[in-house]
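The structure appears right after this line, and notes come after that.
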Amino acid sequence: MANRTQVSIRGLYKIFGSNPDAALPQVLAGMGKEELLQEYDHVLGLKDINVDMQAGEITVVMGLSGSGKSTLIRHVNRLIEPTAGEIDIDGNNILGLSATELLRFRQTMMSMVFQKFALFPHRTVLQNAAMALEVRGEDISKREAEAHKWLERVGLGGYQNHYPYQLSGGMQQRVGIARALTSNSDIMLMDEAFSALDPLIRTDMQNLLLELQTELHKTIIFITHDLDEALKLADHLVILKDGAVVQQGEPQDILLNPADPYIEDFVGDINRARVLRVRSIMHPGEDGDHIAGDVDQNATLESVIELSAGNTQKNYRVCADGVPVGFLDMKELVKALVPARTNASRSRAAR
Amino acid sequence: MAFYDKIFETFGLTAWCGKGDESPMNMAQLLAQTRGEASAEASSGIPFPSLDNLNESCAAIPRTRDMTSGLEDAFLSVKDAMKVVLDPVTQPLSWALDGALWAFLATPWWILLPALFWLTWYVSRSVAVTVFVACSFLFLGFIDHLDAAIQTLSIIFVCTGLCVLFGVPIGILMAKSNTLQRAMIPLLDLLQTLPSFVYLIPLIFLFSVTESKLYGIAIIVYAIVPVIRLTDLGIRLVDKDVIEAANAYGMNARQKLLGVEIPLALPNIMAGVNQTIMMSLAMVVIASLVSAPGLGVLVLRGIRNLELGVGLVAGLGIVLLAVVLDRTTKAALARINVAHENG
Ligand SMILES: Nc1ncnc2c1ncn2[C@@H]1O[C@H](COP(=O)(O)OP(=O)(O)OP(=O)(O)O)[C@@H](O)[C@H]1O
Ligand SMILES: [Mg+2]
């Protein structure tokens, strides 16, 4: 699929406090979060954010608590107004929208899924799912048919007339997803949508999301503080720290080439064999000898280790859809399992 | 020679005070004179520097009596102007009260009582409450207090209805505006702490005692406070996440208010209505002093004429009415709460 930038964030700053415009010059001059808080009593929410989000991809924004993830995602539908910067959606700067245009824009372009579900407790599951269409003023038969369809799709066919409090957390979030899908908007914002769920349900929901995504190709902005979740879902990964982007790119790249010690710490505990894919560490071309067999470029390293029975002498031919695209040296594979280090942290470890 | 003379002299204020012109005696002087005492300060050492005592040394300072009568004059002078505005504005209240009283009394009991029972059932959906209400009214009828009880009830219906009509929008505005909330809270505190009798004083000057709106206003002003407070609270307590969801899907202010905020604040608003009804009942009894009809009149007769039995039975009727109203609204509240339960 041809890539098209759907959401483009340029030079975005957000300062919380009584007079953010007065504090902005200090931040532009390089003042950090701590200093700003102490000297001006303003909180630096976001600092010079530049991110492009491609249509039909899942962009995951990851960072620790307080790093500004929720603040960032709320700028995309202007639930929070920026202090400085520009947000373009399909090429239009949404900061120029009038109040009524903004409502229309939220009704048609955006849907949102929340960490705490945020369903309407006084409405049934069906009415909740149909909410977006109701706001738009669609008539009841159309919106209920649509809501019904998506409730079926997320596996809640029989619960239409229940109230949210009668459902488990996982089921409530399915309603939240059905509500977002019913709105039939291109862009879906998900703020820690699965963080409140227990691990098994969470895996289910991640799979559901990926399954829906292969079908629907929404532009999804997904927020999480969990690296495993980020790596599983992300086409594009953005890592935030103290309101600034420390690294962004393809998740595999970030794993293999972390830009700074903060990210190393983040990725240090991950099971790399299960996350890294053959394509990330293969050599292009077909010039290998001792080829022991074929592996798919999207196979995980773990599956290759299993295939080789732990024999590091072997080489494999890498194929994409059955066509050879490169070869893989098992020794390289083993090296890739050791977390990469930046110079800074290497010298720290040596001391 | 009064006690504070020297002080005015040291500040050179004697001329300003215009000493010498003889003012009429104040109460304390009069009392002292009749008791044959020489002067007030002789017996008590240093007199409190009150208006009356200062006036003895300095005639330019008004006495307390002048102050109260000044207040009265001021009130009377604006009274006519206020009446021009207030009279037409409040006139519909008189019509509503008189109309409701007439309608309730004109309806034969065999229509009115079943209608009341049905209303109880409709709002409470509770057999026990409905049966209790039925028994209470039948008992009141049996002891010939039904008409008085119905009069009281009709006043409460009208006043509570108006309290909700004005109180809920005021509460909503307060929830939306922190400035308005800061301005309103002292006023509401004042209304709630003023003894109920004090309300009647300015009203008696403004309106004639024969007009129903006099007690109508007193009841509404007294009883509206809880609806306002709890509407404000209820709307402010609506889950921020749910409001955020409403915003994220592009709801406008009206959709949010009618579709989310009011429904979710309803349990609190209803709790406010319950309190308002109970306060109306308390006030309607006191308002019988200013010609509000109903059970209160009988209580008043009991007190005035020392007819102990009449007073006690009417009192029992009021208690019964209070319990009936409380149980019914609480049952309605419980019903709403069940519908709003969210884990
Ligand atoms: N309305 C606000 N007023 C002042 N400071 C705020 C406000 N909202 C957020 N902040 C600050 O901005 C920073 C980022 O907050 P944000 O909620 O975006 O973090 P987060 O990454 O979503 O964290 P979490 O994982 O806990 O949800 C925090 O330091 C927070 O204190
Ligand atoms: Mg957050």
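Identifiers for the structure tokens are assigned positionally: chains receive A, B, ... in sequence, residues are indexed from 1 per chain, and ligands are indexed from 1 in the order shown.
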Residues of chain B were defined as contacting chain A if any atom lay at most 12 Å from it, counting only C-alpha atoms; please report them as a ChimeraX atom specification.
/B:238-256,259-267,336-343
Neighbourhood of ligand 1 at 9 Å, counting only C-alpha atoms and all ligand atoms, reported as a PyMOL selection string:
chain A and resi 14-17+33+42-46+62-74+80+115+191-192+223-225+240-243
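Between ligand 2 and the residues A:Met53, A:Val61, A:Leu216, A:Asp88, the shortest atom-to-atom distance, using only C-alpha atoms and all ligand atoms, involves A:Val61.
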Enumerate as a ChimeraX atom specification all residues of stretch 33-282 of chain A assigned to alpha helix (DSSP H) by DSSP on the backbone, naming them with the chain letters and numbers the document uses.
/A:33-40,69-76,99-109,125-129,131-136,140-153,169-182,199-216,227-233,251-256,261-268,272-275,278-281
Please extract the residues of stretch 125-222 of chain A with a backbone DSSP assignment of strand (DSSP E or B) and present them as a JSON list (two decimals) with N, CA and C atoms, in the first residue's frame.
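Saved to states-v9.json:
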[["chain", "number", "residue", "atom", "x", "y", "z"],
["A", 187, "ILE", "N", -9.46, 7.90, 11.38],
["A", 187, "ILE", "CA", -8.42, 7.94, 12.40],
["A", 187, "ILE", "C", -8.98, 7.44, 13.73],
["A", 188, "MET", "N", -8.25, 6.55, 14.36],
["A", 188, "MET", "CA", -8.68, 6.02, 15.65],
["A", 188, "MET", "C", -7.61, 6.35, 16.68],
["A", 189, "LEU", "N", -8.00, 7.01, 17.75],
["A", 189, "LEU", "CA", -7.06, 7.33, 18.82],
["A", 189, "LEU", "C", -7.30, 6.36, 19.96],
["A", 190, "MET", "N", -6.25, 5.72, 20.44],
["A", 190, "MET", "CA", -6.43, 4.76, 21.52],
["A", 190, "MET", "C", -5.46, 5.09, 22.65],
["A", 191, "ASP", "N", -5.99, 5.64, 23.72],
["A", 191, "ASP", "CA", -5.14, 6.06, 24.84],
["A", 191, "ASP", "C", -5.08, 4.95, 25.88],
["A", 219, "THR", "N", -6.10, 4.51, 10.34],
["A", 219, "THR", "CA", -4.90, 5.16, 10.86],
["A", 219, "THR", "C", -5.05, 5.18, 12.37],
["A", 220, "ILE", "N", -4.25, 4.34, 13.04],
["A", 220, "ILE", "CA", -4.45, 4.18, 14.47],
["A", 220, "ILE", "C", -3.29, 4.82, 15.23],
["A", 221, "ILE", "N", -3.62, 5.63, 16.20],
["A", 221, "ILE", "CA", -2.59, 6.16, 17.09],
["A", 221, "ILE", "C", -2.82, 5.49, 18.43],
["A", 222, "PHE", "N", -1.86, 4.67, 18.80],
["A", 222, "PHE", "CA", -2.05, 3.82, 19.98],
["A", 222, "PHE", "C", -1.04, 4.21, 21.03]]
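Atom CA of A:Glu250 is found 22.3 Å from atom CA of A:Asp329.
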May I ask which of the residues A:Val238, A:Ala29, A:Ala193, A:Leu212 is the closest one to ligand 2, counting only C-alpha atoms and all ligand atoms?
A:Ala193
Surrounding residues of B:Ile61 excluding itself and chain neighbours under 4 positions, 10 Å, only C-alpha atoms, as a list of chain:residue names:
B:Trp16, B:Cys17, B:Leu51, B:Asp52, B:Asn53, B:Leu54, B:Asn55, B:Glu56, B:Ser57, B:Asp66
Give me, as a PyMOL selection string, all polymer residues having an atom no more than 7 Å from A:Ala292, counting only C-alpha atoms and skipping those fewer than 4 positions away in the same chain.
chain A and resi 314-316
Dump C-alpha atoms for the selected residues as a PDB file, in the first residue's frame?
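Saved file again-v7.pdb follows:
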ATOM      1  CA  LYS A 314      24.242 -22.918   9.596  1.00  0.00           C
ATOM      2  CA  ASN A 315      23.145 -20.321   7.095  1.00  0.00           C
ATOM      3  CA  TYR A 316      19.634 -19.821   5.802  1.00  0.00           C
TER       4      TYR A 316
END
Residues near stretch 217-230 of chain B, cut-off 6 Å, only C-alpha atoms, skip fewer than 4 positions along chain, as a list of chain:residue names:
B:Cys159, B:Cys163, B:Gly167, B:Val168, B:Gly171, B:Lys213, B:Gly234, B:Asn268, B:Ile269, B:Gly272, B:Val273, B:Thr276, B:Met279, B:Ser280, B:Met283
Let me make sure I understand: among A:Ser195, A:Arg10, A:Ala22, A:Ser98, which one has the smallest atom-to-atom distance to ligand 2 if we use only C-alpha atoms and all ligand atoms?
A:Ser195
Expressed in Å to a single decimal, how great is the separation between atom CA of B:Leu71 and atom CA of B:Leu206?
14.8 Å
Neighbour list for A:Thr214 as an MDAnalysis selection string, cut-off 12 Å, only C-alpha atoms, skip fewer than 6 positions in-chain:
chainID A and resid 1 56:58 207:208 233
Shell around A:Gln252 at 8 Å using only C-alpha atoms, local window under 5 positions removed, as a list in words:
Val275, Leu276, Arg277 and Ser280 of chain A
What would the file look like if the residues just selected were written as a short mmCIF file (atom, residue, chain, number, x, y, z; two decimals), in the first residue's frame with all heavy atoms?
data_model
loop_
_atom_site.label_atom_id
_atom_site.label_comp_id
_atom_site.auth_asym_id
_atom_site.auth_seq_id
_atom_site.Cartn_x
_atom_site.Cartn_y
_atom_site.Cartn_z
N VAL A 275 10.88 -11.08 19.40
CA VAL A 275 10.41 -9.84 18.78
C VAL A 275 11.11 -9.55 17.45
O VAL A 275 10.48 -9.15 16.49
CB VAL A 275 10.63 -8.66 19.75
CG1 VAL A 275 10.22 -7.37 19.10
CG2 VAL A 275 9.85 -8.89 21.03
N LEU A 276 12.42 -9.77 17.43
CA LEU A 276 13.16 -9.44 16.20
C LEU A 276 12.77 -10.40 15.08
O LEU A 276 12.51 -11.59 15.30
CB LEU A 276 14.66 -9.51 16.46
CG LEU A 276 15.23 -8.35 17.28
CD1 LEU A 276 16.70 -8.59 17.59
CD2 LEU A 276 15.05 -7.04 16.54
N ARG A 277 12.75 -9.85 13.88
CA ARG A 277 12.39 -10.63 12.70
C ARG A 277 13.63 -10.85 11.85
O ARG A 277 14.58 -10.05 11.89
CB ARG A 277 11.37 -9.87 11.87
CG ARG A 277 10.23 -9.31 12.65
CD ARG A 277 9.05 -10.23 12.59
NE ARG A 277 8.11 -9.89 13.67
CZ ARG A 277 6.99 -10.55 13.86
NH1 ARG A 277 6.69 -11.57 13.08
NH2 ARG A 277 6.19 -10.23 14.84
N SER A 280 15.21 -8.04 9.71
CA SER A 280 15.95 -6.94 10.32
C SER A 280 17.44 -7.23 10.41
O SER A 280 18.23 -6.30 10.57
CB SER A 280 15.42 -6.68 11.73
OG SER A 280 14.03 -6.53 11.70
#
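Separating atom CA of A:Ala234 from atom CA of A:Thr83 is a distance of 28.2 Å.
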